[in-house]
file structure_4.cif (mmCIF, C-alpha atoms and all ligand atoms)
data_run
loop_
_atom_site.label_atom_id
_atom_site.label_comp_id
_atom_site.auth_asym_id
_atom_site.auth_seq_id
_atom_site.Cartn_x
_atom_site.Cartn_y
_atom_site.Cartn_z
CA MET A 543 125.37 141.38 72.62
CA SER A 544 123.65 144.71 73.18
CA GLU A 545 120.54 145.19 75.31
CA ALA A 546 118.36 145.45 72.21
CA GLU A 547 119.60 142.09 70.96
CA LYS A 548 118.50 140.16 74.05
CA ILE A 549 115.76 137.71 73.33
CA ILE A 550 112.69 137.95 75.51
CA THR A 551 109.41 136.12 75.49
CA CYS A 552 106.20 137.72 74.27
CA PRO A 553 103.70 138.11 77.11
CA TYR A 554 100.86 137.07 74.80
CA ASN A 555 102.42 133.89 73.55
CA ARG A 556 105.30 132.00 75.12
CA ALA A 557 106.17 130.65 71.71
CA HIS A 558 107.12 134.12 70.52
CA SER A 559 110.76 134.80 71.21
CA VAL A 560 111.49 138.34 70.20
CA LEU A 561 114.53 140.58 70.18
CA LYS A 562 114.16 143.07 72.99
CA GLY A 563 114.61 145.98 70.60
CA ARG A 564 111.75 144.66 68.47
CA MET A 565 109.35 143.78 71.27
CA GLN A 566 107.52 147.09 71.28
CA PHE A 567 106.73 146.61 67.61
CA HIS A 568 105.88 142.96 68.13
CA LEU A 569 103.50 143.77 70.94
CA THR A 570 101.46 146.14 68.81
CA ARG A 571 100.83 143.23 66.47
CA CYS A 572 100.17 140.60 69.11
CA ARG A 573 97.88 143.03 70.94
CA LYS A 574 95.54 143.05 67.97
CA GLN A 575 94.99 139.36 68.40
CA HIS A 576 93.92 139.92 72.00
CA PRO A 577 91.49 142.84 71.69
CA CYS A 578 89.62 141.86 74.86
CA ALA A 579 92.68 141.80 77.11
CA GLU A 580 92.12 143.49 80.47
CA MET A 581 93.78 146.87 80.58
CA GLY A 582 96.17 148.03 83.26
CA PHE A 583 97.85 151.25 84.29
CA CYS A 584 101.47 151.99 84.85
CA PRO A 585 102.20 152.74 88.53
CA TYR A 586 104.80 155.28 87.48
CA ASN A 587 102.74 157.18 84.94
CA SER A 588 98.95 157.09 84.80
CA THR A 589 98.98 158.03 81.11
CA HIS A 590 100.59 154.68 80.34
CA ILE A 591 97.74 152.34 79.60
CA PHE A 592 98.36 148.87 78.25
CA PRO A 593 96.93 145.37 78.45
CA LYS A 594 97.61 143.98 81.92
CA ILE A 595 99.41 141.06 80.41
CA GLU A 596 102.11 143.47 79.24
CA THR A 597 102.67 144.88 82.71
CA GLU A 598 105.94 143.06 83.31
CA PHE A 599 107.34 144.14 79.97
CA HIS A 600 106.15 147.69 80.42
CA LEU A 601 107.64 148.07 83.91
CA GLU A 602 110.99 146.93 82.55
CA HIS A 603 111.01 149.62 79.92
CA CYS A 604 108.85 152.39 81.32
CA ASP A 605 110.68 155.67 80.85
CA SER A 606 108.85 157.17 83.83
CA ARG A 607 110.23 154.44 86.03
CA ILE A 608 113.72 155.30 84.93
CA ILE A 609 113.11 158.92 85.90
CA ILE A 610 111.75 157.96 89.33
CA ASP A 611 114.54 155.48 90.00
CA THR A 612 117.13 158.08 89.10
CA PHE A 613 115.44 160.58 91.36
CA PHE A 614 115.50 158.25 94.37
CA TYR A 615 119.03 157.24 93.65
CA GLN A 616 120.13 160.86 93.72
CA MET A 617 118.11 161.56 96.82
CA GLY A 618 119.68 158.74 98.72
CA ASP A 619 123.18 159.17 97.49
CA SER A 620 123.95 162.82 97.16
CA GLU A 621 124.67 165.47 99.73
CA CYS A 622 122.20 168.23 100.38
CA SER A 623 123.07 170.83 97.79
CA ALA A 624 121.91 173.59 100.11
CA LYS A 625 124.51 172.60 102.64
CA GLY A 626 127.03 175.34 103.07
CA ALA A 627 124.88 177.77 101.14
CA CYS A 628 122.57 178.60 104.00
CA GLY A 629 124.92 178.80 106.95
CA LEU A 630 124.35 175.28 108.21
CA ASN A 631 128.05 174.77 108.67
CA VAL A 632 128.36 177.48 111.28
CA ASP A 633 130.10 176.19 114.38
CA LEU A 634 127.48 175.82 117.04
CA PRO A 635 128.38 175.95 120.72
CA PRO A 636 128.32 172.54 122.35
CA CYS A 637 124.88 171.52 123.47
CA GLN A 638 124.38 172.45 127.10
CA GLU A 639 121.17 170.59 127.49
CA ASN A 640 121.15 167.25 129.11
CA TRP A 641 117.78 165.66 128.60
CA ASP A 642 118.45 163.20 131.37
CA ASP A 643 118.61 166.03 133.86
CA ASP A 644 115.11 166.97 132.91
CA MET A 645 113.82 163.64 134.09
CA ILE A 646 113.73 164.75 137.68
CA GLU A 647 111.01 163.56 139.98
CA GLY A 648 107.93 165.63 140.56
CA SER A 649 105.63 167.27 138.11
CA VAL A 650 106.61 169.56 135.33
CA LEU A 651 104.53 172.23 136.96
CA ASP A 652 106.61 172.02 140.15
CA THR A 653 109.70 172.50 138.09
CA VAL A 654 108.24 175.48 136.31
CA LYS A 655 107.14 177.02 139.59
CA GLU A 656 110.55 176.43 141.10
CA ASN A 657 112.23 178.11 138.19
CA ALA A 658 109.76 180.95 138.22
CA LYS A 659 110.01 181.79 141.90
CA ASP A 660 112.29 184.74 141.43
CA LYS A 661 111.04 185.79 138.08
CA ASN A 662 108.13 187.82 136.93
CA VAL A 663 106.03 184.90 135.97
CA LEU A 664 102.35 184.39 136.30
CA ILE A 665 101.75 180.74 136.88
CA GLY A 666 98.55 178.88 136.33
CA ILE A 667 97.60 175.55 137.76
CA VAL A 668 96.64 173.03 135.19
CA GLY A 669 93.78 170.79 136.14
CA ALA A 670 93.18 172.23 139.63
CA PRO A 671 89.63 172.78 140.83
CA LYS A 672 88.14 176.08 139.81
CA ALA A 673 88.13 177.74 143.23
CA GLU A 674 91.65 176.61 143.91
CA ARG A 675 92.72 177.92 140.60
CA LYS A 676 91.08 181.23 141.30
CA ALA A 677 92.79 181.59 144.68
CA HIS A 678 96.04 180.54 143.20
CA ARG A 679 95.71 183.00 140.39
CA PHE A 680 95.00 185.75 142.89
CA GLN A 681 98.10 184.89 144.87
CA GLU A 682 100.15 184.77 141.74
CA ARG A 683 98.82 188.18 140.78
CA LEU A 684 99.90 189.60 144.13
CA ARG A 685 103.30 188.06 143.86
CA PHE A 686 103.51 189.19 140.29
CA GLN A 687 102.78 192.76 141.29
CA ARG A 688 105.38 192.58 144.03
CA VAL A 689 108.20 191.37 141.85
CA ASN A 690 107.08 193.55 139.06
CA ASP A 691 108.15 196.67 140.90
CA GLY A 692 110.17 198.78 138.53
CA GLU A 693 111.00 195.80 136.37
CA ILE A 694 109.98 194.81 132.92
CA ALA A 695 107.44 192.05 133.17
CA GLN A 696 108.21 188.71 131.72
CA VAL A 697 104.89 187.00 131.74
CA ILE A 698 103.96 183.48 130.94
CA ILE A 699 100.26 182.92 131.12
CA HIS A 700 98.93 179.47 130.67
CA SER A 701 96.51 179.34 127.84
CA LEU A 702 93.91 177.82 130.15
CA PHE A 703 93.22 181.22 131.69
ZN ZN A 801 103.71 137.76 70.54
ZN ZN A 802 105.00 153.40 82.42
#
call {"tool": "encode", "arguments": {"input": "structure_4.cif", "output": "C-alpha cells", "more": "lines below"}}
Ligand SMILES: [Zn+2]
Ligand SMILES: [Zn+2]
result
Amino acid sequence: MSEAEKIITCPYNRAHSVLKGRMQFHLTRCRKQHPCAEMGFCPYNSTHIFPKIETEFHLEHCDSRIIIDTFFYQMGDSECSAKGACGLNVDLPPCQENWDDDMIEGSVLDTVKENAKDKNVLIGIVGAPKAERKAHRFQERLRFQRVNDGEIAQVIIHSLF
C-alpha cells in the first residue's frame, strides 16, 4: 500500500474516511460546509492559512516543514563543508596554557603588576581612591620613563585613565 492509499480521517467529520492522496481534495469540499471555522497559520510558512481544525493534517503534509526538517537533519548530521578549505586542519602547537595555573591567589591586578615589573607597562589601579590613583600614576610614569630608556615602549593603559 502506498502512502497515498492510506486511509485517514477527515478533521471535519470523523465519519469521513478518506484516502490520504484524496484528502486535500476532500478538505476543500468539507471546508465549504464549515465556513465559520477559526483560521490558523502554519508555523513553518506564514503564507499557509487554513482552518485550525486542519492543523494536524496540514503539519503532516506541509512542504515547508519538509524543507525545514531536511535542513536541520543536514545541519546535525553533516560535516562542516568549509572544513579543510579554510586552513582549519593546520597542525596547531599543543596548548601551553593551563587555566588552572591562572587561578593563583591574589588579585588579577597583582598578577599583572608582577608580570609588568620589568616591562614598559603603565599600570593603572582599578577602583583605588582618586588621590591614590594619581600618586600611583605618577610613580608609574616615572618608572615608565626609566625603563623606557632607548627602548620601544610597550604600553598598556587602563581605559579608566
Ligand atoms: Zn470530511
Ligand atoms: Zn505549512
call {"tool": "closest_residue", "arguments": {"input": "structure_4.cif", "among": "A:Arg683, A:Arg675, A:His600, A:His576", "to": "ligand ZN 802 (chain A)", "atoms": "all atoms listed in the file"}}
result
A:His600
call {"tool": "residues_near_ligand", "arguments": {"input": "structure_4.cif", "ligand": "ligand ZN 802 (chain A)", "cutoff": "6 Å", "atoms": "all atoms listed in the file", "output": "list in words"}}
result
Cys584, Tyr586, Asn587, His590, Cys604 and Ser606 of chain A
call {"tool": "residues_near_ligand", "arguments": {"input": "structure_4.cif", "ligand": "ligand ZN 801 (chain A)", "cutoff": "9 Å", "atoms": "all atoms listed in the file", "output": "list in words"}}
result
Thr551, Cys552, Pro553, Tyr554, Asn555, Arg556, Ala557, His558, Ser559, Val560, Met565, His568, Leu569, Thr570, Arg571, Cys572 and Arg573 of chain A
call {"tool": "residues_near_point", "arguments": {"input": "structure_4.cif", "point": "(97.8, 151.9, 85.2)", "cutoff": "6 Å", "atoms": "only C-alpha atoms", "output": "list in words"}}
result
Gly582, Phe583, Cys584, Pro585, Ser588 and Ile591 of chain A
call {"tool": "atom_distance", "arguments": {"input": "structure_4.cif", "atom1": "atom CA of A:Pro593", "atom2": "atom CA of A:Lys574"}}
result
10.8 Å
